[in-house]
Amino acid sequence: MGGLSSKPTTTYPPLTTVPQCITDKFMGTWFVIGVKPTIFEKTNSNAVEIYTRVTDPQVKHDIDIDFQYNKHDAITSPLKSLGQRGWIQGSDKENSSKWVISPFGPFRLPYPIIELDAEDYQYTVVGHEQRDYVWIMARKPVMDDELYDSLTKKLVEKHQYDLKGLRKVPQKWTREERAKRKLDKVIPDDLLVD
């Protein structure tokens with residue numbers, strides 16, 4: 001998630017995070033399916049976030065996040081990358097739905113995990129306290145319309161989001177693009193456009 005915070009204009013209650021998020025189960029590849037975008041995400045496509053648990057005790061953060069995306073059109077526009085760092089909040093680093101991330105420098109943002117497939121971790125939703133941003137993500141570059149609609153309904157009814165500005169992120173993958181991004185084991189052949 002690339003991000004910049006905006007000044008709050010409305011006061012909202014704190015977001016309700018999921019009761020359980022097993023850190024190691026959350027790690028891996030997530031495709032951004034829908035987004036209320038930051039400045040980096042207004043026109044992007046093929047957006048992917050790869051989460052890796054940091055095991056080196058000398059490193060001060062808990063998670064490395066590799067956020068990659070095409071700047072505009074899928075496949076044909078320049079590939080961009082934004083490395084980010086994450087810190088798991090709370091006393092239990094193995095099970096927490098409250099994180100903080102830094103897209104750059106000392107800048108840090110809360111990263112509340114507000115929806116999650118509790119069984120298989122096949123989808124997640126990450127919110128923003130001021131409801132300016134949201135990320136709907138899945139383990140594959142597609143999401144069933146019924147599930148997507150259910151998640152957006154929860155954003156409005158449960159989390160008090162206004163969905164103005166929410167956009168679906170184009171996810172179009174060729175064999176070449178899949179290989180270039182080292183996602184051969186993540187994107188099955190039947191989801192390729194070539």
# chains A, B, ... in the order shown; residues from 1 in each chain; ligands from 1

call {"tool": "closest_atom_pairs", "arguments": {"of": "region 103-148 of chain A", "to": "region 10-31 of chain A", "cutoff": "7 Å", "atoms": "only C-alpha atoms", "output": "Markdown table"}}
result
| residue | atom | partner | partner_atom | distance |
| --- | --- | --- | --- | --- |
| A:Pro112 | CA | A:Thr17 | CA | 6.0 |
| A:Ile113 | CA | A:Thr17 | CA | 5.4 |
| A:Ile114 | CA | A:Thr17 | CA | 4.2 |
| A:Glu115 | CA | A:Val18 | CA | 5.9 |
| A:Leu116 | CA | A:Val18 | CA | 6.8 |
| A:Tyr121 | CA | A:Phe26 | CA | 6.7 |
| A:Glu129 | CA | A:Leu15 | CA | 6.1 |
| A:Gln130 | CA | A:Tyr12 | CA | 6.6 |
| A:Met137 | CA | A:Phe31 | CA | 5.3 |
| A:Ala138 | CA | A:Phe31 | CA | 5.3 |
| A:Arg139 | CA | A:Trp30 | CA | 4.9 |
| A:Lys140 | CA | A:Phe31 | CA | 6.2 |
| A:Pro141 | CA | A:Phe31 | CA | 5.4 |

call {"tool": "select_by_dssp", "arguments": {"residues": "region 31-180 of chain A", "states": "strand (DSSP E or B)", "output": "JSON, numbers by chain"}}
result
{"A": [31, 32, 33, 34, 35, 36, 45, 46, 47, 48, 49, 50, 51, 52, 53, 63, 64, 65, 66, 67, 68, 69, 70, 79, 80, 81, 82, 83, 84, 85, 86, 87, 88, 95, 98, 99, 100, 101, 102, 103, 104, 107, 108, 109, 110, 111, 112, 113, 114, 115, 116, 123, 124, 125, 126, 134, 135, 136, 137, 138, 167, 168, 173]}

call {"tool": "closest_residue", "arguments": {"among": "A:Gly83, A:Gln89, A:Ile75, A:Leu155", "to": "Thr52 (chain A)", "atoms": "only C-alpha atoms"}}
result
A:Gly83

call {"tool": "atom_distance", "arguments": {"atom1": "CA of Lys71 (chain A)", "atom2": "CA of Thr174 (chain A)"}}
result
16.7 Å

call {"tool": "closest_residue", "arguments": {"among": "A:Tyr111, A:Tyr161, A:Tyr51, A:Phe104", "to": "Lys36 (chain A)", "atoms": "only C-alpha atoms"}}
result
A:Tyr161

call {"tool": "select_by_dssp", "arguments": {"residues": "region 38-166 of chain A", "states": "helix (DSSP H, G or I)", "output": "ChimeraX atom specification"}}
result
/A:145-157

call {"tool": "write_last_selection", "arguments": {"atoms": "N, CA, C and O atoms", "output": "PDB file, in the first residue's frame"}}
result
ATOM      1  N   ASP A 145     -17.621 -11.396  -7.946  1.00  0.00           N
ATOM      2  CA  ASP A 145     -18.412 -10.170  -7.794  1.00  0.00           C
ATOM      3  C   ASP A 145     -19.240 -10.175  -6.509  1.00  0.00           C
ATOM      4  O   ASP A 145     -19.390  -9.148  -5.847  1.00  0.00           O
ATOM      5  N   GLU A 146     -19.776 -11.329  -6.164  1.00  0.00           N
ATOM      6  CA  GLU A 146     -20.599 -11.424  -4.955  1.00  0.00           C
ATOM      7  C   GLU A 146     -19.772 -11.125  -3.702  1.00  0.00           C
ATOM      8  O   GLU A 146     -20.219 -10.406  -2.810  1.00  0.00           O
ATOM      9  N   LEU A 147     -18.563 -11.646  -3.636  1.00  0.00           N
ATOM     10  CA  LEU A 147     -17.678 -11.370  -2.501  1.00  0.00           C
ATOM     11  C   LEU A 147     -17.283  -9.904  -2.483  1.00  0.00           C
ATOM     12  O   LEU A 147     -17.329  -9.255  -1.436  1.00  0.00           O
ATOM     13  N   TYR A 148     -16.907  -9.347  -3.634  1.00  0.00           N
ATOM     14  CA  TYR A 148     -16.521  -7.940  -3.708  1.00  0.00           C
ATOM     15  C   TYR A 148     -17.674  -7.053  -3.226  1.00  0.00           C
ATOM     16  O   TYR A 148     -17.476  -6.136  -2.421  1.00  0.00           O
ATOM     17  N   ASP A 149     -18.889  -7.329  -3.703  1.00  0.00           N
ATOM     18  CA  ASP A 149     -20.060  -6.546  -3.291  1.00  0.00           C
ATOM     19  C   ASP A 149     -20.313  -6.684  -1.791  1.00  0.00           C
ATOM     20  O   ASP A 149     -20.689  -5.711  -1.127  1.00  0.00           O
ATOM     21  N   SER A 150     -20.136  -7.880  -1.262  1.00  0.00           N
ATOM     22  CA  SER A 150     -20.316  -8.112   0.173  1.00  0.00           C
ATOM     23  C   SER A 150     -19.312  -7.284   0.992  1.00  0.00           C
ATOM     24  O   SER A 150     -19.666  -6.688   2.015  1.00  0.00           O
ATOM     25  N   LEU A 151     -18.073  -7.234   0.523  1.00  0.00           N
ATOM     26  CA  LEU A 151     -17.044  -6.466   1.241  1.00  0.00           C
ATOM     27  C   LEU A 151     -17.308  -4.963   1.165  1.00  0.00           C
ATOM     28  O   LEU A 151     -17.139  -4.248   2.161  1.00  0.00           O
ATOM     29  N   THR A 152     -17.740  -4.479   0.005  1.00  0.00           N
ATOM     30  CA  THR A 152     -18.035  -3.040  -0.092  1.00  0.00           C
ATOM     31  C   THR A 152     -19.265  -2.682   0.752  1.00  0.00           C
ATOM     32  O   THR A 152     -19.312  -1.601   1.347  1.00  0.00           O
ATOM     33  N   LYS A 153     -20.213  -3.596   0.844  1.00  0.00           N
ATOM     34  CA  LYS A 153     -21.385  -3.363   1.700  1.00  0.00           C
ATOM     35  C   LYS A 153     -20.957  -3.264   3.162  1.00  0.00           C
ATOM     36  O   LYS A 153     -21.422  -2.396   3.904  1.00  0.00           O
ATOM     37  N   LYS A 154     -20.036  -4.138   3.584  1.00  0.00           N
ATOM     38  CA  LYS A 154     -19.518  -4.071   4.957  1.00  0.00           C
ATOM     39  C   LYS A 154     -18.763  -2.770   5.198  1.00  0.00           C
ATOM     40  O   LYS A 154     -18.824  -2.210   6.294  1.00  0.00           O
ATOM     41  N   LEU A 155     -18.049  -2.303   4.180  1.00  0.00           N
ATOM     42  CA  LEU A 155     -17.346  -1.030   4.337  1.00  0.00           C
ATOM     43  C   LEU A 155     -18.316   0.099   4.673  1.00  0.00           C
ATOM     44  O   LEU A 155     -18.035   0.926   5.539  1.00  0.00           O
ATOM     45  N   VAL A 156     -19.447   0.125   4.006  1.00  0.00           N
ATOM     46  CA  VAL A 156     -20.438   1.170   4.245  1.00  0.00           C
ATOM     47  C   VAL A 156     -21.166   0.954   5.567  1.00  0.00           C
ATOM     48  O   VAL A 156     -21.218   1.842   6.420  1.00  0.00           O
ATOM     49  N   GLU A 157     -21.732  -0.243   5.751  1.00  0.00           N
ATOM     50  CA  GLU A 157     -22.612  -0.485   6.897  1.00  0.00           C
ATOM     51  C   GLU A 157     -21.875  -0.710   8.206  1.00  0.00           C
ATOM     52  O   GLU A 157     -22.330  -0.263   9.261  1.00  0.00           O
TER      53      GLU A 157
END

call {"tool": "atom_distance", "arguments": {"atom1": "CA of Gly127 (chain A)", "atom2": "CA of Phe67 (chain A)"}}
result
16.6 Å

call {"tool": "closest_residue", "arguments": {"among": "A:Val186, A:Leu166, A:Ile65, A:Ala74", "to": "Gly86 (chain A)", "atoms": "only C-alpha atoms"}}
result
A:Ile65

call {"tool": "closest_residue", "arguments": {"among": "A:Arg53, A:His159, A:Lys164, A:Val142", "to": "Asp190 (chain A)", "atoms": "only C-alpha atoms"}}
result
A:Val142

call {"tool": "closest_atom_pairs", "arguments": {"of": "region 60-165 of chain A", "to": "region 41-47 of chain A", "cutoff": "7 Å", "atoms": "only C-alpha atoms", "output": "tab-separated table"}}
result
residue	atom	partner	partner_atom	distance
A:Gln68	CA	A:Ala47	CA	5.8
A:Tyr69	CA	A:Ala47	CA	4.2
A:Asn70	CA	A:Ser45	CA	5.2
A:Lys71	CA	A:Asn44	CA	4.7
A:His72	CA	A:Asn44	CA	4.7
A:Asp73	CA	A:Ser45	CA	6.0
A:Ala74	CA	A:Ser45	CA	5.2

call {"tool": "write_last_selection", "arguments": {"atoms": "all heavy atoms", "output": "CSV table (one decimal), in the first residue's frame"}}
result
chain,number,residue,atom,x,y,z
A,68,GLN,N,4.3,-3.4,-5.8
A,68,GLN,CA,4.6,-3.3,-7.2
A,68,GLN,C,3.4,-3.0,-8.0
A,68,GLN,O,2.3,-3.6,-7.7
A,68,GLN,CB,5.3,-4.5,-7.8
A,68,GLN,CG,6.6,-4.8,-7.2
A,68,GLN,CD,7.2,-6.1,-7.8
A,68,GLN,OE1,6.7,-6.6,-8.8
A,68,GLN,NE2,8.4,-6.5,-7.3
A,69,TYR,N,3.5,-2.2,-9.1
A,69,TYR,CA,2.3,-1.9,-9.9
A,69,TYR,C,2.7,-1.3,-11.2
A,69,TYR,O,3.8,-0.7,-11.3
A,69,TYR,CB,1.4,-0.9,-9.2
A,69,TYR,CG,2.0,0.4,-8.8
A,69,TYR,CD1,2.0,1.5,-9.6
A,69,TYR,CD2,2.8,0.5,-7.6
A,69,TYR,CE1,2.6,2.7,-9.2
A,69,TYR,CE2,3.4,1.7,-7.2
A,69,TYR,CZ,3.3,2.8,-8.0
A,69,TYR,OH,3.9,4.0,-7.7
A,70,ASN,N,1.9,-1.4,-12.2
A,70,ASN,CA,2.1,-0.6,-13.5
A,70,ASN,C,1.5,0.7,-13.2
A,70,ASN,O,0.4,0.9,-12.7
A,70,ASN,CB,1.4,-1.3,-14.6
A,70,ASN,CG,2.1,-2.6,-15.0
A,70,ASN,OD1,1.7,-3.7,-14.5
A,70,ASN,ND2,3.1,-2.5,-15.8
A,71,LYS,N,2.2,1.8,-13.7
A,71,LYS,CA,1.8,3.1,-13.4
A,71,LYS,C,0.4,3.5,-14.0
A,71,LYS,O,-0.4,4.2,-13.4
A,71,LYS,CB,2.8,4.1,-14.0
A,71,LYS,CG,2.6,5.5,-13.5
A,71,LYS,CD,3.7,6.4,-13.9
A,71,LYS,CE,3.4,7.8,-13.4
A,71,LYS,NZ,4.5,8.8,-13.8
A,72,HIS,N,0.1,3.0,-15.2
A,72,HIS,CA,-1.2,3.2,-15.8
A,72,HIS,C,-1.8,1.9,-16.3
A,72,HIS,O,-2.3,1.1,-15.6
A,72,HIS,CB,-1.1,4.2,-17.0
A,72,HIS,CG,-0.6,5.6,-16.5
A,72,HIS,ND1,-1.3,6.4,-15.7
A,72,HIS,CD2,0.6,6.2,-16.7
A,72,HIS,CE1,-0.6,7.5,-15.5
A,72,HIS,NE2,0.6,7.4,-16.1
A,73,ASP,N,-1.7,1.7,-17.6
A,73,ASP,CA,-2.2,0.5,-18.2
A,73,ASP,C,-1.5,-0.8,-17.8
A,73,ASP,O,-0.2,-0.7,-17.8
A,73,ASP,CB,-2.2,0.6,-19.8
A,73,ASP,CG,-3.1,1.7,-20.3
A,73,ASP,OD1,-4.1,2.0,-19.6
A,73,ASP,OD2,-2.7,2.4,-21.3
A,74,ALA,N,-2.2,-1.8,-17.6
A,74,ALA,CA,-1.6,-3.1,-17.3
A,74,ALA,C,-0.6,-3.5,-18.4
A,74,ALA,O,-0.9,-3.3,-19.6
A,74,ALA,CB,-2.7,-4.2,-17.1

call {"tool": "closest_residue", "arguments": {"among": "A:Arg85, A:Arg175, A:Lys80, A:Lys185", "to": "Val48 (chain A)", "atoms": "only C-alpha atoms"}}
result
A:Lys80

call {"tool": "atom_distance", "arguments": {"atom1": "CA of Leu82 (chain A)", "atom2": "CA of Asp66 (chain A)"}}
result
6.2 Å
